[in-house]
>>> print(open('query07.txt').read())   # compact mmCIF, C-alpha atoms and all ligand atoms
# COMPACT_ATOMS: atom_id res chain seq x y z
CA MET A 1121 -130.20 40.52 62.05
CA ASN A 1122 -130.62 36.79 61.93
CA PHE A 1123 -130.66 35.73 58.28
CA SER A 1124 -130.68 32.03 58.95
CA HIS A 1125 -130.33 29.39 61.65
CA TYR A 1126 -126.56 29.42 61.18
CA SER A 1127 -125.40 30.94 64.40
CA ASP A 1128 -124.69 29.68 67.90
CA ARG A 1129 -126.60 26.42 68.06
CA PRO A 1130 -125.20 24.87 64.87
CA VAL A 1131 -121.72 25.68 66.18
CA ALA A 1132 -122.57 24.08 69.54
CA LEU A 1133 -123.95 21.06 67.68
CA ALA A 1134 -120.72 20.73 65.64
CA VAL A 1135 -118.63 20.88 68.83
CA ASP A 1136 -120.87 18.39 70.65
CA LEU A 1137 -120.81 15.99 67.72
CA VAL A 1138 -117.01 16.01 67.41
CA ASN A 1139 -116.71 15.50 71.17
CA THR A 1140 -118.84 12.34 71.15
CA LEU A 1141 -115.56 10.57 70.39
CA GLN A 1142 -113.06 11.00 73.20
CA THR A 1143 -109.86 8.94 73.49
CA GLY A 1144 -111.41 5.89 71.91
CA GLU A 1145 -114.74 6.07 73.73
CA ASP A 1146 -117.60 6.64 71.32
CA THR A 1147 -120.78 7.91 73.00
CA ILE A 1148 -122.73 7.61 69.73
CA GLY A 1149 -121.34 4.20 68.77
CA GLU A 1150 -124.83 2.66 68.71
CA PRO A 1151 -127.85 3.90 66.72
CA ALA A 1152 -129.90 4.38 69.92
CA GLN A 1153 -127.13 6.55 71.37
CA PHE A 1154 -127.09 8.70 68.25
CA GLU A 1155 -130.86 9.03 68.41
CA ALA A 1156 -130.65 10.22 72.02
CA PHE A 1157 -127.89 12.66 71.06
CA ILE A 1158 -129.70 14.18 68.09
CA ASN A 1159 -133.02 14.32 69.95
CA GLU A 1160 -131.43 17.00 72.15
CA TYR A 1161 -131.51 19.14 68.99
CA ARG A 1162 -134.89 17.91 67.73
CA ASP A 1163 -136.45 21.37 67.54
CA MET A 1164 -133.81 22.28 64.92
CA TRP A 1165 -134.55 19.42 62.53
CA GLU A 1166 -137.97 17.90 63.16
CA ASP A 1167 -139.66 20.08 60.52
CA VAL A 1168 -137.09 19.38 57.83
CA ALA A 1169 -135.57 15.93 58.35
CA THR A 1170 -136.24 12.42 59.63
CA LEU A 1171 -133.99 10.05 61.59
CA PRO A 1172 -131.59 7.99 59.45
CA GLU A 1173 -131.60 4.20 59.16
CA PRO A 1174 -129.46 2.51 61.85
CA ALA A 1175 -127.16 1.24 59.06
CA GLU A 1176 -126.29 4.84 58.17
CA LEU A 1177 -124.55 5.54 61.48
CA GLY A 1178 -121.13 5.14 59.82
CA LYS A 1179 -121.90 8.26 57.76
CA VAL A 1180 -122.37 10.24 60.98
CA HIS A 1181 -119.01 8.99 62.23
CA ARG A 1182 -117.35 10.06 58.97
CA LEU A 1183 -118.94 13.50 59.25
CA ARG A 1184 -117.61 13.73 62.80
CA GLU A 1185 -114.06 13.07 61.53
CA SER A 1186 -114.43 15.70 58.83
CA LEU A 1187 -115.66 18.27 61.35
CA ARG A 1188 -112.72 17.52 63.65
CA SER A 1189 -110.33 18.11 60.76
CA VAL A 1190 -111.73 21.66 60.44
CA PHE A 1191 -110.78 22.36 64.09
CA GLU A 1192 -107.31 20.93 63.45
CA SER A 1193 -106.68 22.97 60.28
CA PRO A 1194 -103.27 24.69 60.15
CA ASP A 1195 -104.48 27.77 58.24
CA HIS A 1196 -107.51 29.56 56.82
CA ALA A 1197 -107.16 28.06 53.34
CA THR A 1198 -107.15 24.51 54.69
CA ALA A 1199 -110.09 25.20 56.98
CA SER A 1200 -112.03 26.69 54.05
CA ASP A 1201 -111.25 23.70 51.83
CA ARG A 1202 -112.37 21.27 54.53
CA ILE A 1203 -115.60 23.16 55.19
CA ASN A 1204 -116.33 23.39 51.46
CA LYS A 1205 -115.78 19.65 51.09
CA ILE A 1206 -118.36 18.95 53.83
CA LEU A 1207 -120.85 21.36 52.23
CA ASN A 1208 -120.34 19.57 48.92
CA ASP A 1209 -120.38 16.01 50.32
CA TYR A 1210 -123.64 16.55 52.22
CA GLY A 1211 -125.35 18.30 49.32
CA ALA A 1212 -125.71 21.74 50.90
CA ILE A 1213 -127.79 24.00 48.72
CA PRO A 1214 -129.13 27.41 49.70
CA ARG A 1215 -132.88 27.84 49.61
CA VAL A 1216 -135.45 30.05 51.25
CA SER A 1217 -137.71 28.26 53.69
CA VAL A 1218 -140.87 29.51 55.39
CA HIS A 1219 -141.63 26.44 57.51
CA ASN A 1220 -141.81 28.41 60.76
CA GLY A 1221 -143.74 31.35 59.34
CA GLU A 1222 -140.85 33.64 58.47
CA PRO A 1223 -138.71 33.35 55.35
CA HIS A 1224 -135.14 32.36 56.22
CA LEU A 1225 -132.25 30.48 54.66
CA HIS A 1226 -131.71 26.74 54.80
CA PHE A 1227 -128.74 24.89 53.34
CA GLU A 1228 -129.58 21.20 53.69
CA PRO A 1229 -130.94 19.38 50.63
CA ALA A 1230 -134.74 19.30 50.53
CA GLN A 1231 -135.16 15.49 50.69
CA GLY A 1232 -135.21 15.45 54.48
CA ASN A 1233 -132.13 13.30 55.10
CA LEU A 1234 -131.02 14.03 58.66
CA ILE A 1235 -127.36 13.23 57.99
CA CYS A 1236 -127.30 15.72 55.11
CA TRP A 1237 -129.02 18.25 57.36
CA LEU A 1238 -126.41 17.59 60.04
CA GLY A 1239 -123.50 17.98 57.60
CA ALA A 1240 -124.91 21.14 56.06
CA ILE A 1241 -125.86 22.89 59.30
CA THR A 1242 -122.65 22.10 61.19
CA ALA A 1243 -120.45 23.09 58.23
CA MET A 1244 -122.41 26.33 57.82
CA GLY A 1245 -121.98 27.01 61.54
CA LEU A 1246 -118.21 26.54 61.30
CA ALA A 1247 -118.12 28.60 58.08
CA THR A 1248 -119.77 31.45 59.97
CA VAL A 1249 -117.15 31.25 62.76
CA LEU A 1250 -114.32 31.18 60.19
CA ILE A 1251 -115.64 34.11 58.18
CA GLU A 1252 -116.70 36.34 61.05
CA HIS A 1253 -114.04 35.53 63.66
CA GLY A 1254 -111.17 33.64 62.00
CA MET A 1255 -109.75 30.16 62.54
CA GLU A 1256 -107.95 31.26 65.73
CA ARG A 1257 -111.35 30.59 67.30
CA PHE A 1258 -111.12 26.86 66.57
CA GLY A 1259 -109.41 25.01 69.39
CA VAL A 1260 -108.44 21.52 70.53
CA CYS A 1261 -108.06 21.00 74.29
CA ASN A 1262 -104.51 21.42 75.57
CA ALA A 1263 -104.94 18.94 78.44
CA GLY A 1264 -102.76 15.87 77.95
CA ASP A 1265 -105.57 13.36 78.20
CA CYS A 1266 -108.32 15.29 76.41
CA GLU A 1267 -108.95 15.74 72.69
CA ASP A 1268 -112.17 17.73 72.89
CA VAL A 1269 -112.62 20.62 70.48
CA PHE A 1270 -114.10 24.01 71.33
CA VAL A 1271 -114.85 27.40 69.81
CA ASP A 1272 -113.01 30.10 71.70
CA SER A 1273 -115.32 33.01 72.45
CA SER A 1274 -113.02 34.62 75.02
CA ARG A 1275 -112.22 38.28 74.32
CA ASN A 1276 -108.49 37.82 73.81
CA ARG A 1277 -108.70 34.39 72.15
CA SER A 1278 -106.66 32.92 74.97
CA ARG A 1279 -108.62 29.80 75.72
CA LEU A 1280 -106.54 26.60 75.90
CA HIS A 1281 -108.96 24.05 77.30
CA CYS A 1282 -112.34 22.61 76.37
CA SER A 1283 -113.81 23.14 79.84
CA THR A 1284 -113.08 24.47 83.32
CA THR A 1285 -112.73 20.82 84.40
CA CYS A 1286 -109.73 20.45 82.09
CA SER A 1287 -108.18 23.86 82.86
CA THR A 1288 -108.47 23.24 86.62
CA ARG A 1289 -106.97 19.76 86.33
CA GLU A 1290 -104.08 21.09 84.22
CA ALA A 1291 -103.44 23.95 86.67
CA VAL A 1292 -103.29 21.50 89.58
CA ALA A 1293 -100.97 19.19 87.62
CA SER A 1294 -98.53 21.98 86.69
CA TYR A 1295 -98.55 23.28 90.29
CA ARG A 1296 -97.62 19.79 91.50
CA ARG A 1297 -94.86 19.55 88.87
CA ARG A 1298 -93.38 22.87 90.07
CA GLN A 1299 -93.61 21.70 93.70
CA ALA A 1300 -91.79 18.49 92.85
CA GLU A 1301 -88.87 20.31 91.17
ZN ZN B 1 -135.92 26.87 59.21
ZN ZN B 2 -110.44 19.04 77.70
>>> encode(input="query07.txt", output="structure tokens", more="lines below")
Ligand SMILES: [Zn+2]
Ligand SMILES: [Zn+2]
Amino acid sequence: MNFSHYSDRPVALAVDLVNTLQTGEDTIGEPAQFEAFINEYRDMWEDVATLPEPAELGKVHRLRESLRSVFESPDHATASDRINKILNDYGAIPRVSVHNGEPHLHFEPAQGNLICWLGAITAMGLATVLIEHGMERFGVCNAGDCEDVFVDSSRNRSRLHCSTTCSTREAVASYRRRQAE
């Protein structure tokens, strides 16, 4: 049963947003870049929010930092505190919405601020992962030169890397190290 929108796509959006900053390179450093990024998810927000002012981009960057801190949490209590702080900071409030014909839950404030929507929906997505699957599912890439986060959906929670690109590169590197010894 799908009670709300708070399942796979909000989690993917949270991961994608955190990973827009990679070793100093910011792919949403300019308002136009953020607009292109969030337009990929337009179907999720166009009925309930409008694009922020360019001057508000710093708030998106702060949200991105807060979301990363959830992935880097050392334990469940810390992860819960960090998620709750995001829900609070972005004004998440549960309400029933019928904008697409069927009653379902929304958590963003009703004023239509896209940054609040973004904070509420990504934090709710991560809350769902934490509650249903545990924080062991939150991961940061193990590759030396990659800081990307991911949600581990492997059966035995054994995932170490953000992508097959990183796991392949690391496997090649460790093979070469063994050969050199
Ligand atoms: Zn809705
Ligand atoms: Zn990686």
>>> closest_residue(input="query07.txt", among="A:Pro1130, A:Gly1264, A:Gly1259, A:Gly1144", to="Gly1245 in chain A", atoms="only C-alpha atoms")
A:Pro1130
>>> residues_around(input="query07.txt", residues="range 1207-1217 of chain A", least_positions_apart="5", cutoff="7 Å", atoms="only C-alpha atoms", output="list in words")
Pro1223, His1224, Leu1225, His1226, Phe1227, Glu1228, Pro1229, Cys1236, Gly1239, Ala1240 and Ala1243 of chain A
>>> write_last_selection(input="query07.txt", atoms="C-alpha atoms", output="CSV table (one decimal), keeping the file's coordinate frame")
chain,number,residue,atom,x,y,z
A,1223,PRO,CA,-138.7,33.4,55.4
A,1224,HIS,CA,-135.1,32.4,56.2
A,1225,LEU,CA,-132.2,30.5,54.7
A,1226,HIS,CA,-131.7,26.7,54.8
A,1227,PHE,CA,-128.7,24.9,53.3
A,1228,GLU,CA,-129.6,21.2,53.7
A,1229,PRO,CA,-130.9,19.4,50.6
A,1236,CYS,CA,-127.3,15.7,55.1
A,1239,GLY,CA,-123.5,18.0,57.6
A,1240,ALA,CA,-124.9,21.1,56.1
A,1243,ALA,CA,-120.4,23.1,58.2
>>> residues_near_ligand(input="query07.txt", ligand="ligand ZN 2 (chain B)", cutoff="9 Å", atoms="all atoms listed in the file", output="list in words")
Val1260, Cys1261, Asn1262, Ala1263, Gly1264, Asp1265, Cys1266, Glu1267, Asp1268, Val1269, Phe1270, Leu1280, His1281, Cys1282, Ser1283, Thr1284, Thr1285, Cys1286 and Ser1287 of chain A
>>> write_last_selection(input="query07.txt", atoms="C-alpha atoms", output="PDB file, in the coordinates of the input")
ATOM      1  CA  VAL A1260    -108.440  21.520  70.530  1.00  0.00           C
ATOM      2  CA  CYS A1261    -108.060  21.000  74.290  1.00  0.00           C
ATOM      3  CA  ASN A1262    -104.510  21.420  75.570  1.00  0.00           C
ATOM      4  CA  ALA A1263    -104.940  18.940  78.440  1.00  0.00           C
ATOM      5  CA  GLY A1264    -102.760  15.870  77.950  1.00  0.00           C
ATOM      6  CA  ASP A1265    -105.570  13.360  78.200  1.00  0.00           C
ATOM      7  CA  CYS A1266    -108.320  15.290  76.410  1.00  0.00           C
ATOM      8  CA  GLU A1267    -108.950  15.740  72.690  1.00  0.00           C
ATOM      9  CA  ASP A1268    -112.170  17.730  72.890  1.00  0.00           C
ATOM     10  CA  VAL A1269    -112.620  20.620  70.480  1.00  0.00           C
ATOM     11  CA  PHE A1270    -114.100  24.010  71.330  1.00  0.00           C
ATOM     12  CA  LEU A1280    -106.540  26.600  75.900  1.00  0.00           C
ATOM     13  CA  HIS A1281    -108.960  24.050  77.300  1.00  0.00           C
ATOM     14  CA  CYS A1282    -112.340  22.610  76.370  1.00  0.00           C
ATOM     15  CA  SER A1283    -113.810  23.140  79.840  1.00  0.00           C
ATOM     16  CA  THR A1284    -113.080  24.470  83.320  1.00  0.00           C
ATOM     17  CA  THR A1285    -112.730  20.820  84.400  1.00  0.00           C
ATOM     18  CA  CYS A1286    -109.730  20.450  82.090  1.00  0.00           C
ATOM     19  CA  SER A1287    -108.180  23.860  82.860  1.00  0.00           C
TER      20      SER A1287
END
>>> closest_residue(input="query07.txt", among="A:Val1271, A:Ala1230, A:Ile1235, A:Ala1156", to="ligand ZN 1 (chain B)", atoms="only C-alpha atoms and all ligand atoms")
A:Ala1230
>>> atom_distance(input="query07.txt", atom1="CA of Glu1192 in chain A", atom2="CA of Gly1149 in chain A")
22.5 Å
>>> atom_distance(input="query07.txt", atom1="CA of Trp1165 in chain A", atom2="CA of Asp1146 in chain A")
23.0 Å
>>> residues_around(input="query07.txt", residues="Gly1178 in chain A", least_positions_apart="5", cutoff="12 Å", atoms="only C-alpha atoms", output="PyMOL selection string")
chain A and resi 1148-1151+1154+1172-1173+1183-1185+1235
>>> residues_around(input="query07.txt", residues="Arg1129 in chain A", least_positions_apart="6", cutoff="10 Å", atoms="only C-alpha atoms", output="list in words")
Val1135, Tyr1161, Met1164, Ile1241, Thr1242 and Gly1245 of chain A
>>> closest_residue(input="query07.txt", among="A:Ser1294, A:Ser1200, A:Ser1278, A:Thr1288", to="Ile1251 in chain A", atoms="all atoms listed in the file")
A:Ser1200
>>> atom_distance(input="query07.txt", atom1="CA of Leu1133 in chain A", atom2="CA of Gly1232 in chain A")
18.2 Å
>>> closest_residue(input="query07.txt", among="A:Thr1143, A:Asn1233, A:Ser1274, A:Asn1220", to="ligand ZN 1 (chain B)", atoms="only C-alpha atoms and all ligand atoms")
A:Asn1220
>>> closest_residue(input="query07.txt", among="A:Glu1145, A:Arg1188, A:Glu1176, A:Leu1238", to="Ile1158 in chain A", atoms="all atoms listed in the file")
A:Leu1238
>>> closest_residue(input="query07.txt", among="A:His1219, A:Arg1162, A:Arg1289, A:Arg1257", to="ligand ZN 1 (chain B)", atoms="all atoms listed in the file")
A:His1219
>>> axis_aligned_box(input="query07.txt", around="range 1202-1221 of chain A", padding_each_side="5 Å", output="lines of an AutoDock Vina configuration file")
center_x = -128.1
center_y = 23.7
center_z = 54.7
size_x = 41.4
size_y = 25.3
size_z = 22.0
>>> residues_around(input="query07.txt", residues="Val1249 in chain A", least_positions_apart="5", cutoff="9 Å", atoms="all atoms listed in the file", output="PDB file with C-alpha atoms, keeping the file's coordinate frame")
ATOM      1  CA  SER A1127    -125.400  30.940  64.400  1.00  0.00           C
ATOM      2  CA  VAL A1131    -121.720  25.680  66.180  1.00  0.00           C
ATOM      3  CA  MET A1244    -122.410  26.330  57.820  1.00  0.00           C
ATOM      4  CA  GLY A1254    -111.170  33.640  62.000  1.00  0.00           C
ATOM      5  CA  MET A1255    -109.750  30.160  62.540  1.00  0.00           C
ATOM      6  CA  ARG A1257    -111.350  30.590  67.300  1.00  0.00           C
ATOM      7  CA  PHE A1258    -111.120  26.860  66.570  1.00  0.00           C
ATOM      8  CA  VAL A1271    -114.850  27.400  69.810  1.00  0.00           C
TER       9      VAL A1271
END
>>> build_atoms(input="query07.txt", residues="range 1250-1261 of chain A", atoms="all heavy atoms", output="PDB file, in the coordinates of the input")
ATOM      1  N   LEU A1250    -115.544  30.907  60.960  1.00  0.00           N
ATOM      2  CA  LEU A1250    -114.320  31.180  60.190  1.00  0.00           C
ATOM      3  C   LEU A1250    -114.377  32.555  59.537  1.00  0.00           C
ATOM      4  O   LEU A1250    -113.428  33.330  59.602  1.00  0.00           O
ATOM      5  CB  LEU A1250    -114.128  30.085  59.138  1.00  0.00           C
ATOM      6  CG  LEU A1250    -112.842  30.157  58.320  1.00  0.00           C
ATOM      7  CD1 LEU A1250    -111.632  29.884  59.203  1.00  0.00           C
ATOM      8  CD2 LEU A1250    -112.882  29.153  57.168  1.00  0.00           C
ATOM      9  N   ILE A1251    -115.516  32.859  58.924  1.00  0.00           N
ATOM     10  CA  ILE A1251    -115.640  34.110  58.180  1.00  0.00           C
ATOM     11  C   ILE A1251    -115.715  35.311  59.116  1.00  0.00           C
ATOM     12  O   ILE A1251    -115.064  36.328  58.902  1.00  0.00           O
ATOM     13  CB  ILE A1251    -116.899  34.056  57.263  1.00  0.00           C
ATOM     14  CG1 ILE A1251    -116.678  33.041  56.146  1.00  0.00           C
ATOM     15  CG2 ILE A1251    -117.217  35.429  56.698  1.00  0.00           C
ATOM     16  CD1 ILE A1251    -117.960  32.592  55.471  1.00  0.00           C
ATOM     17  N   GLU A1252    -116.475  35.177  60.188  1.00  0.00           N
ATOM     18  CA  GLU A1252    -116.700  36.340  61.050  1.00  0.00           C
ATOM     19  C   GLU A1252    -115.611  36.520  62.109  1.00  0.00           C
ATOM     20  O   GLU A1252    -115.375  37.626  62.574  1.00  0.00           O
ATOM     21  CB  GLU A1252    -118.074  36.247  61.719  1.00  0.00           C
ATOM     22  CG  GLU A1252    -119.189  36.422  60.700  1.00  0.00           C
ATOM     23  CD  GLU A1252    -120.574  36.393  61.319  1.00  0.00           C
ATOM     24  OE1 GLU A1252    -120.671  36.333  62.560  1.00  0.00           O
ATOM     25  OE2 GLU A1252    -121.546  36.418  60.545  1.00  0.00           O
ATOM     26  N   HIS A1253    -114.973  35.422  62.524  1.00  0.00           N
ATOM     27  CA  HIS A1253    -114.040  35.530  63.660  1.00  0.00           C
ATOM     28  C   HIS A1253    -112.653  34.971  63.381  1.00  0.00           C
ATOM     29  O   HIS A1253    -111.736  35.194  64.161  1.00  0.00           O
ATOM     30  CB  HIS A1253    -114.630  34.834  64.884  1.00  0.00           C
ATOM     31  CG  HIS A1253    -116.017  35.296  65.211  1.00  0.00           C
ATOM     32  ND1 HIS A1253    -116.261  36.536  65.760  1.00  0.00           N
ATOM     33  CD2 HIS A1253    -117.219  34.704  65.041  1.00  0.00           C
ATOM     34  CE1 HIS A1253    -117.583  36.678  65.922  1.00  0.00           C
ATOM     35  NE2 HIS A1253    -118.182  35.581  65.488  1.00  0.00           N
ATOM     36  N   GLY A1254    -112.489  34.184  62.331  1.00  0.00           N
ATOM     37  CA  GLY A1254    -111.170  33.640  62.000  1.00  0.00           C
ATOM     38  C   GLY A1254    -110.916  32.288  62.643  1.00  0.00           C
ATOM     39  O   GLY A1254    -111.537  31.926  63.642  1.00  0.00           O
ATOM     40  N   MET A1255    -109.981  31.536  62.073  1.00  0.00           N
ATOM     41  CA  MET A1255    -109.750  30.160  62.540  1.00  0.00           C
ATOM     42  C   MET A1255    -109.061  30.096  63.893  1.00  0.00           C
ATOM     43  O   MET A1255    -109.006  29.038  64.507  1.00  0.00           O
ATOM     44  CB  MET A1255    -108.969  29.374  61.510  1.00  0.00           C
ATOM     45  CG  MET A1255    -107.582  29.894  61.259  1.00  0.00           C
ATOM     46  SD  MET A1255    -106.656  28.631  60.412  1.00  0.00           S
ATOM     47  CE  MET A1255    -106.669  27.342  61.631  1.00  0.00           C
ATOM     48  N   GLU A1256    -108.530  31.232  64.379  1.00  0.00           N
ATOM     49  CA  GLU A1256    -107.950  31.260  65.730  1.00  0.00           C
ATOM     50  C   GLU A1256    -108.997  30.862  66.762  1.00  0.00           C
ATOM     51  O   GLU A1256    -108.658  30.497  67.892  1.00  0.00           O
ATOM     52  CB  GLU A1256    -107.420  32.660  66.053  1.00  0.00           C
ATOM     53  CG  GLU A1256    -106.293  33.146  65.128  1.00  0.00           C
ATOM     54  CD  GLU A1256    -106.777  33.621  63.767  1.00  0.00           C
ATOM     55  OE1 GLU A1256    -107.996  33.841  63.604  1.00  0.00           O
ATOM     56  OE2 GLU A1256    -105.944  33.745  62.849  1.00  0.00           O
ATOM     57  N   ARG A1257    -110.259  30.947  66.378  1.00  0.00           N
ATOM     58  CA  ARG A1257    -111.350  30.590  67.300  1.00  0.00           C
ATOM     59  C   ARG A1257    -111.540  29.078  67.431  1.00  0.00           C
ATOM     60  O   ARG A1257    -112.193  28.616  68.359  1.00  0.00           O
ATOM     61  CB  ARG A1257    -112.662  31.220  66.820  1.00  0.00           C
ATOM     62  CG  ARG A1257    -112.660  32.732  66.849  1.00  0.00           C
ATOM     63  CD  ARG A1257    -112.620  33.247  68.255  1.00  0.00           C
ATOM     64  NE  ARG A1257    -112.601  34.708  68.301  1.00  0.00           N
ATOM     65  CZ  ARG A1257    -112.546  35.396  69.430  1.00  0.00           C
ATOM     66  NH1 ARG A1257    -112.483  34.773  70.591  1.00  0.00           N
ATOM     67  NH2 ARG A1257    -112.525  36.703  69.415  1.00  0.00           N
ATOM     68  N   PHE A1258    -111.007  28.321  66.483  1.00  0.00           N
ATOM     69  CA  PHE A1258    -111.120  26.860  66.570  1.00  0.00           C
ATOM     70  C   PHE A1258    -110.039  26.325  67.489  1.00  0.00           C
ATOM     71  O   PHE A1258    -108.856  26.620  67.288  1.00  0.00           O
ATOM     72  CB  PHE A1258    -110.964  26.207  65.184  1.00  0.00           C
ATOM     73  CG  PHE A1258    -112.051  26.552  64.203  1.00  0.00           C
ATOM     74  CD1 PHE A1258    -111.744  26.883  62.890  1.00  0.00           C
ATOM     75  CD2 PHE A1258    -113.381  26.537  64.586  1.00  0.00           C
ATOM     76  CE1 PHE A1258    -112.741  27.191  61.973  1.00  0.00           C
ATOM     77  CE2 PHE A1258    -114.388  26.849  63.680  1.00  0.00           C
ATOM     78  CZ  PHE A1258    -114.067  27.178  62.375  1.00  0.00           C
ATOM     79  N   GLY A1259    -110.416  25.529  68.476  1.00  0.00           N
ATOM     80  CA  GLY A1259    -109.410  25.010  69.390  1.00  0.00           C
ATOM     81  C   GLY A1259    -109.573  23.530  69.683  1.00  0.00           C
ATOM     82  O   GLY A1259    -110.660  22.960  69.566  1.00  0.00           O
ATOM     83  N   VAL A1260    -108.446  22.896  70.036  1.00  0.00           N
ATOM     84  CA  VAL A1260    -108.440  21.520  70.530  1.00  0.00           C
ATOM     85  C   VAL A1260    -107.842  21.590  71.933  1.00  0.00           C
ATOM     86  O   VAL A1260    -106.839  22.270  72.147  1.00  0.00           O
ATOM     87  CB  VAL A1260    -107.597  20.584  69.633  1.00  0.00           C
ATOM     88  CG1 VAL A1260    -107.624  19.156  70.176  1.00  0.00           C
ATOM     89  CG2 VAL A1260    -108.100  20.617  68.196  1.00  0.00           C
ATOM     90  N   CYS A1261    -108.462  20.907  72.880  1.00  0.00           N
ATOM     91  CA  CYS A1261    -108.060  21.000  74.290  1.00  0.00           C
ATOM     92  C   CYS A1261    -106.576  20.701  74.489  1.00  0.00           C
ATOM     93  O   CYS A1261    -106.043  19.753  73.939  1.00  0.00           O
ATOM     94  CB  CYS A1261    -108.904  20.064  75.141  1.00  0.00           C
ATOM     95  SG  CYS A1261    -108.633  20.274  76.904  1.00  0.00           S
TER      96      CYS A1261
END
